[in-house]
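K.L.:
Dropping in start_34.cif, which is mmCIF, C-alpha atoms:
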```
data_query
loop_
_atom_site.label_atom_id
_atom_site.label_comp_id
_atom_site.auth_asym_id
_atom_site.auth_seq_id
_atom_site.Cartn_x
_atom_site.Cartn_y
_atom_site.Cartn_z
CA MET A 1 20.99 6.98 -6.17
CA ASP A 2 22.77 3.66 -5.63
CA LEU A 3 20.38 0.69 -6.02
CA ILE A 4 21.41 -1.04 -2.80
CA GLU A 5 21.12 2.19 -0.82
CA GLY A 6 17.66 2.74 -2.28
CA LEU A 7 16.53 -0.76 -1.33
CA ARG A 8 17.85 -0.36 2.20
CA SER A 9 16.44 3.10 2.84
CA THR A 10 13.09 3.47 1.06
CA GLY A 11 10.64 3.50 3.94
CA ALA A 12 6.98 4.47 4.21
CA VAL A 13 6.48 8.25 4.12
CA ARG A 14 3.13 9.67 5.24
CA GLU A 15 4.04 13.31 5.90
CA PHE A 16 4.53 15.60 2.93
CA THR A 17 5.29 19.26 2.37
CA ASP A 18 2.92 21.49 0.43
CA GLN A 19 5.28 21.46 -2.55
CA PRO A 20 3.43 20.05 -5.58
CA VAL A 21 4.79 17.26 -7.75
CA ALA A 22 4.91 18.21 -11.41
CA ASP A 23 3.12 15.96 -13.88
CA GLU A 24 6.35 15.41 -15.78
CA VAL A 25 8.00 14.08 -12.62
CA LEU A 26 5.13 11.69 -11.98
CA ALA A 27 5.24 10.63 -15.62
CA ARG A 28 8.93 9.71 -15.22
CA VAL A 29 8.11 7.72 -12.08
CA LEU A 30 5.43 5.72 -13.88
CA ASP A 31 7.59 5.36 -16.98
CA THR A 32 10.26 3.68 -14.86
CA ALA A 33 7.84 1.60 -12.79
CA ARG A 34 6.25 0.06 -15.88
CA PHE A 35 9.32 -2.17 -16.28
CA ALA A 36 8.32 -4.12 -13.17
CA PRO A 37 7.94 -7.88 -13.70
CA SER A 38 4.56 -9.54 -14.06
CA GLY A 39 3.33 -13.02 -14.95
CA ALA A 40 3.57 -13.59 -18.74
CA ASN A 41 4.53 -9.91 -18.94
CA ALA A 42 0.79 -9.19 -18.80
CA GLN A 43 1.30 -5.84 -17.05
CA ALA A 44 -2.13 -6.22 -15.50
CA TRP A 45 -2.11 -2.87 -13.71
CA ARG A 46 -4.17 0.22 -14.39
CA VAL A 47 -3.40 3.51 -12.64
CA VAL A 48 -5.74 6.43 -11.95
CA VAL A 49 -4.12 9.72 -10.95
CA VAL A 50 -6.77 11.21 -8.69
CA LYS A 51 -6.75 15.02 -8.97
CA ASP A 52 -10.41 15.98 -8.52
CA PRO A 53 -10.85 17.49 -5.02
CA ALA A 54 -14.29 15.95 -4.54
CA ALA A 55 -13.05 12.49 -5.46
CA ARG A 56 -10.08 12.89 -3.12
CA ALA A 57 -12.34 13.96 -0.26
CA ARG A 58 -14.58 10.96 -0.87
CA LEU A 59 -11.60 8.60 -0.80
CA ARG A 60 -10.54 10.14 2.51
CA ASP A 61 -14.00 9.62 3.94
CA LEU A 62 -14.02 6.01 2.78
CA TYR A 63 -10.57 5.44 4.23
CA LEU A 64 -11.23 6.69 7.75
CA PRO A 65 -13.66 4.01 9.03
CA GLY A 66 -11.23 1.25 8.07
CA TRP A 67 -8.39 3.11 9.76
CA VAL A 68 -10.44 3.38 12.95
CA GLU A 69 -11.01 -0.38 12.87
CA TYR A 70 -7.32 -0.98 12.19
CA LEU A 71 -6.30 1.08 15.21
CA THR A 72 -8.93 -0.58 17.37
CA LEU A 73 -7.88 -4.12 16.46
CA SER A 74 -4.20 -3.26 16.93
CA SER A 75 -4.90 -1.83 20.38
CA ALA A 76 -6.64 -5.10 21.27
CA GLY A 77 -3.48 -7.05 20.42
CA LEU A 78 -4.82 -8.39 17.12
CA ARG A 79 -3.21 -8.22 13.72
CA PRO A 80 -5.98 -6.40 11.84
CA TRP A 81 -7.96 -8.73 9.57
CA SER A 82 -5.41 -11.53 9.65
CA PRO A 83 -6.93 -14.52 7.80
CA VAL A 84 -6.36 -16.66 10.90
CA ASN A 85 -7.81 -14.25 13.47
CA ASP A 86 -10.51 -15.28 15.89
CA ARG A 87 -13.49 -13.45 14.36
CA ALA A 88 -15.28 -13.36 17.71
CA ALA A 89 -12.32 -11.60 19.28
CA GLU A 90 -12.30 -9.09 16.44
CA ALA A 91 -16.00 -8.41 16.86
CA ALA A 92 -15.62 -7.96 20.62
CA ALA A 93 -12.78 -5.48 20.17
CA LEU A 94 -14.72 -3.46 17.60
CA ALA A 95 -17.83 -3.45 19.78
CA THR A 96 -16.10 -1.88 22.77
CA GLY A 97 -12.97 0.00 21.76
CA THR A 98 -13.46 2.36 18.83
CA ASP A 99 -13.80 5.71 20.67
CA GLN A 100 -10.09 6.18 21.35
CA ALA A 101 -9.21 5.03 17.85
CA ARG A 102 -11.73 7.41 16.34
CA ASN A 103 -10.09 10.33 18.13
CA ALA A 104 -6.63 9.18 17.02
CA ALA A 105 -7.81 8.88 13.41
CA LYS A 106 -8.62 12.59 13.33
CA GLN A 107 -4.90 13.27 13.17
CA GLY A 108 -2.24 12.31 10.69
CA PHE A 109 -2.18 10.68 7.27
CA ALA A 110 -5.69 9.22 7.13
CA ALA A 111 -7.40 12.47 8.04
CA HIS A 112 -5.43 14.33 5.37
CA LEU A 113 -5.42 11.76 2.58
CA ASP A 114 -7.13 14.23 0.27
CA GLU A 115 -4.29 16.72 0.72
CA VAL A 116 -1.35 14.57 -0.37
CA PRO A 117 0.41 15.94 -3.49
CA VAL A 118 -0.07 12.77 -5.57
CA LEU A 119 -2.78 10.17 -5.08
CA LEU A 120 -2.71 7.06 -7.27
CA ALA A 121 -5.28 4.29 -7.36
CA VAL A 122 -3.74 1.06 -8.67
CA PHE A 123 -6.16 -1.48 -10.12
CA ALA A 124 -5.48 -5.05 -11.23
CA ASP A 125 -7.17 -6.76 -14.16
CA LEU A 126 -8.32 -10.15 -12.89
CA THR A 127 -8.43 -11.54 -16.42
CA GLN A 128 -4.64 -11.14 -16.59
CA LEU A 129 -3.68 -12.68 -13.23
CA ALA A 130 -2.47 -16.28 -13.10
CA ALA A 131 -3.61 -16.99 -9.54
CA VAL A 132 -2.16 -20.48 -9.25
CA ASP A 133 -3.42 -20.77 -5.67
CA ARG A 134 -6.98 -19.87 -6.66
CA ASP A 135 -8.43 -23.28 -5.79
CA LEU A 136 -6.55 -23.92 -2.57
CA ASP A 137 -8.53 -23.91 0.66
CA ARG A 138 -6.79 -20.83 1.98
CA TYR A 139 -6.30 -17.14 1.40
CA SER A 140 -5.06 -16.46 -2.16
CA LEU A 141 -1.77 -14.60 -2.60
CA ALA A 142 -0.22 -15.57 -5.93
CA GLY A 143 -2.08 -13.14 -8.18
CA GLY A 144 -0.59 -10.19 -6.34
CA ALA A 145 2.86 -11.18 -7.60
CA SER A 146 1.89 -9.68 -10.96
CA VAL A 147 0.81 -6.32 -9.51
CA TYR A 148 2.66 -5.41 -6.31
CA PRO A 149 6.15 -5.39 -7.86
CA PHE A 150 4.84 -2.51 -10.00
CA ALA A 151 3.56 -0.69 -6.92
CA TRP A 152 6.92 -1.11 -5.19
CA SER A 153 8.69 0.10 -8.33
CA VAL A 154 6.56 3.26 -8.17
CA LEU A 155 7.90 3.92 -4.67
CA LEU A 156 11.51 3.20 -5.67
CA ALA A 157 11.28 5.37 -8.78
CA ALA A 158 9.72 8.14 -6.70
CA ARG A 159 12.62 7.90 -4.26
CA ALA A 160 15.04 8.42 -7.13
CA GLU A 161 13.14 11.64 -7.95
CA GLY A 162 13.56 12.91 -4.39
CA LEU A 163 10.03 11.96 -3.38
CA GLY A 164 8.64 9.75 -0.63
CA GLY A 165 5.49 7.74 -0.49
CA VAL A 166 3.45 4.95 1.00
CA LEU A 167 1.38 2.08 -0.35
CA THR A 168 -1.89 1.45 1.45
CA THR A 169 -4.51 -1.24 0.93
CA MET A 170 -7.08 0.18 3.35
CA LEU A 171 -9.48 1.36 0.66
CA ILE A 172 -9.86 -2.17 -0.69
CA ARG A 173 -12.41 -2.57 2.10
CA GLU A 174 -14.54 -0.09 0.17
CA GLU A 175 -13.71 -1.44 -3.27
CA ASP A 176 -17.20 -1.25 -4.80
CA GLU A 177 -17.54 2.45 -3.96
CA VAL A 178 -13.98 3.23 -5.08
CA LYS A 179 -14.62 1.49 -8.39
CA ARG A 180 -17.82 3.46 -8.89
CA LEU A 181 -16.11 6.71 -7.95
CA LEU A 182 -13.18 6.19 -10.32
CA GLY A 183 -15.01 4.48 -13.18
CA ALA A 184 -13.41 1.05 -12.80
CA LYS A 185 -15.64 -1.69 -14.18
CA GLY A 186 -15.82 -5.42 -14.64
CA PRO A 187 -12.71 -7.43 -13.76
CA LEU A 188 -10.73 -4.44 -12.47
CA VAL A 189 -10.13 -4.70 -8.71
CA LEU A 190 -8.41 -2.26 -6.38
CA ALA A 191 -4.90 -3.44 -5.48
CA ALA A 192 -3.57 -0.38 -3.64
CA VAL A 193 -3.61 3.36 -3.25
CA ILE A 194 -0.23 5.11 -3.34
CA ALA A 195 0.44 8.56 -1.91
CA LEU A 196 3.52 10.48 -3.07
CA GLY A 197 5.10 13.83 -2.30
CA HIS A 198 8.11 15.65 -0.96
CA PRO A 199 8.84 14.27 2.53
CA VAL A 200 8.68 16.55 5.55
CA HIS A 201 11.55 14.58 7.09
CA HIS A 202 14.63 13.19 5.38
CA GLN A 203 14.40 9.47 4.83
CA PRO A 204 16.84 7.42 6.93
CA ARG A 205 19.99 6.12 5.29
CA ARG A 206 19.26 2.68 6.70
CA LEU A 207 16.01 1.13 7.89
CA THR A 208 15.76 -1.29 10.81
CA ARG A 209 14.76 -4.83 9.90
CA GLN A 210 15.18 -8.33 11.31
CA PRO A 211 18.47 -10.08 10.42
CA VAL A 212 18.58 -12.66 7.62
CA GLU A 213 19.04 -15.58 10.01
CA SER A 214 15.76 -14.74 11.76
CA PHE A 215 13.70 -15.65 8.68
CA THR A 216 15.91 -17.87 6.50
CA THR A 217 16.65 -21.56 7.08
CA VAL A 218 18.33 -24.39 5.17
CA ASP A 219 16.38 -27.28 3.60
CA ARG A 220 13.33 -27.03 5.90
CA VAL A 221 11.33 -24.34 7.68
CA ASP A 222 12.60 -25.85 10.93
CA GLY A 223 16.12 -26.29 9.54
CA PRO A 224 19.26 -24.51 10.68
CA ALA A 225 19.43 -20.75 10.25
CA PHE A 226 21.11 -19.32 7.17
CA PRO A 227 23.79 -18.08 7.32
CA GLY A 228 24.82 -20.38 10.12
#
```
How does the structure come out when it is put into structure tokens?
P.N.:
Amino acid sequence: MDLIEGLRSTGAVREFTDQPVADEVLARVLDTARFAPSGANAQAWRVVVVKDPAARARLRDLYLPGWVEYLTLSSAGLRPWSPVNDRAAEAAALATGTDQARNAAKQGFAAHLDEVPVLLAVFADLTQLAAVDRDLDRYSLAGGASVYPFAWSVLLAARAEGLGGVLTTMLIREEDEVKRLLGAKGPLVLAAVIALGHPVHHQPRRLTRQPVESFTTVDRVDGPAFPG
């Protein structure tokens, strides 16, 4: 697969066929993804391939309440859990609007998380993350730069194997229980869960995204659009 085509057409896939993914295929995916960049080449990721049916079912059950809240907050016009949200508005939405979201959550990806062909839990080792924004008075982002390129490389490598997938962070809301369930201790924190499989639908040849000039400017954030 051409690199540029892969970058332009690897979208989130949440519907999979029943066809299993062989361990050797997954091994190739991870073998390619391990070349992702990370700060000081620390490679601070740890991956758990979750196969046990009971563990998968527990992860599904932990996932669903967060998904209900996500749907509820979205329906209220809020970006779920944005660091700058009005917390009172979030609380009001969650207090009055979860019934419809709970019914919606019974369908689709979240309700069938335990059935996806491949389920990966990606952990990050905090001792290996150079979080240069750690002491700023705002939400920290920098440490993720040493982990999420690996997660994205998993999805790209899976695409090259004819697979589709999606990265989700929903289970981070239940991190303590996920760590206990999967035996992750100490400085390991949950960075993402990745689902992979053979897509039900063919992936599009081109995804729809905003044009470059809508998010790129020259010299200043309020500078002229690039290209201009």
K.L.:
Could you expand the PyMOL selection byres ((chain A and resi 152) around 12) into the explicit residues it covers here, written as a ChimeraX atom specification?
P.N.:
/A:6-7,10-12,29-30,32-37,122,144-151,153-159,164-168,192-194
K.L.:
Find, counting only C-alpha atoms, the residue in A:Gly77, A:Pro20, A:Gly39, A:Pro117 that gets nearest to Pro53 (chain A).
P.N.:
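Selected residue with least distance to Pro53 (chain A): A:Pro117.
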K.L.:
Which value, in Å to one decimal, gives the distance between CA of Ala44 (chain A) and CA of Lys185 (chain A)?
P.N.:
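Separation between CA of Ala44 (chain A) and CA of Lys185 (chain A): 14.3 Å.
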K.L.:
What gap, in Å, lies between CA of Trp81 (chain A) and CA of Glu69 (chain A)?
P.N.:
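So the two atoms, CA of Trp81 (chain A) and CA of Glu69 (chain A), lie 9.5 Å apart.
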K.L.:
List the residues selected by the PyMOL selection byres ((chain A and resi 93) around 12) in the file shown, writing them as a PyMOL selection string.
P.N.:
chain A and resi 68-80+86-92+94-99+101
K.L.:
Would you list the residues near (-4.5, 2.5, -8.1), meaning any protein, DNA or RNA residue with an atom at most 10 Å from that point in file coordinates, counting all atoms listed in the file, as a ChimeraX atom specification?
P.N.:
/A:45-50,119-124,151,167-169,178,182,189-195
K.L.:
Could you list, as an mmCIF file with C-alpha atoms, keeping the file's coordinate frame, every residue within 10 Å of Ala110 (chain A), counting only C-alpha atoms and ignoring same-chain residues fewer than 3 positions away?
P.N.:
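And here is the file that came out, part.cif:
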```cif
data_model
loop_
_atom_site.group_PDB
_atom_site.id
_atom_site.type_symbol
_atom_site.label_atom_id
_atom_site.label_comp_id
_atom_site.auth_asym_id
_atom_site.auth_seq_id
_atom_site.Cartn_x
_atom_site.Cartn_y
_atom_site.Cartn_z
ATOM 1 C CA ARG A 14 3.130 9.670 5.240
ATOM 2 C CA LEU A 59 -11.600 8.600 -0.800
ATOM 3 C CA ARG A 60 -10.540 10.140 2.510
ATOM 4 C CA ASP A 61 -14.000 9.620 3.940
ATOM 5 C CA LEU A 62 -14.020 6.010 2.780
ATOM 6 C CA TYR A 63 -10.570 5.440 4.230
ATOM 7 C CA LEU A 64 -11.230 6.690 7.750
ATOM 8 C CA PRO A 65 -13.660 4.010 9.030
ATOM 9 C CA GLY A 66 -11.230 1.250 8.070
ATOM 10 C CA TRP A 67 -8.390 3.110 9.760
ATOM 11 C CA VAL A 68 -10.440 3.380 12.950
ATOM 12 C CA ALA A 104 -6.630 9.180 17.020
ATOM 13 C CA ALA A 105 -7.810 8.880 13.410
ATOM 14 C CA LYS A 106 -8.620 12.590 13.330
ATOM 15 C CA GLN A 107 -4.900 13.270 13.170
ATOM 16 C CA LEU A 113 -5.420 11.760 2.580
ATOM 17 C CA ASP A 114 -7.130 14.230 0.270
ATOM 18 C CA GLU A 115 -4.290 16.720 0.720
ATOM 19 C CA MET A 170 -7.080 0.180 3.350
#
```
K.L.:
Extending 5 Å beyond the listed atoms of region 45-60 of chain A on each side, what axis-aligned box results? I want centre and edge lengths in Å to one decimal, as AutoDock Vina command-line options.
P.N.:
```
--center_x -8.3 --center_y 7.3 --center_z -5.9 --size_x 22.5 --size_y 30.4 --size_z 26.9
```
K.L.:
Here is a test: counting all atoms listed in the file, which residue of A:Ala160, A:Leu141, A:Val118, A:Val218 is nearest to Phe16 (chain A)?
P.N.:
A:Val118
K.L.:
CA of Ala111 (chain A) to CA of Pro83 (chain A): how many Å, to one decimal?
P.N.:
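Separation between CA of Ala111 (chain A) and CA of Pro83 (chain A): 27.0 Å.
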K.L.:
Out of A:Asp222, A:Glu15, A:Glu213, A:Asp2, which residue has the shortest atom-to-atom distance to Leu163 (chain A) when counting all atoms listed in the file?
P.N.:
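The answer is A:Glu15, which sits nearest to Leu163 (chain A).
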K.L.:
From the set A:Arg138, A:Arg28, A:His112, A:Arg102, which residue has the shortest atom-to-atom contact distance to Val84 (chain A), counting all atoms listed in the file?
P.N.:
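Closest to Val84 (chain A), using all atoms listed in the file: A:Arg138.
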K.L.:
Residues at most 10 Å from Ala40 (chain A), counting all atoms listed in the file, excluding those fewer than 5 positions away in the same chain, as a ChimeraX atom specification?
P.N.:
/A:128-130,146
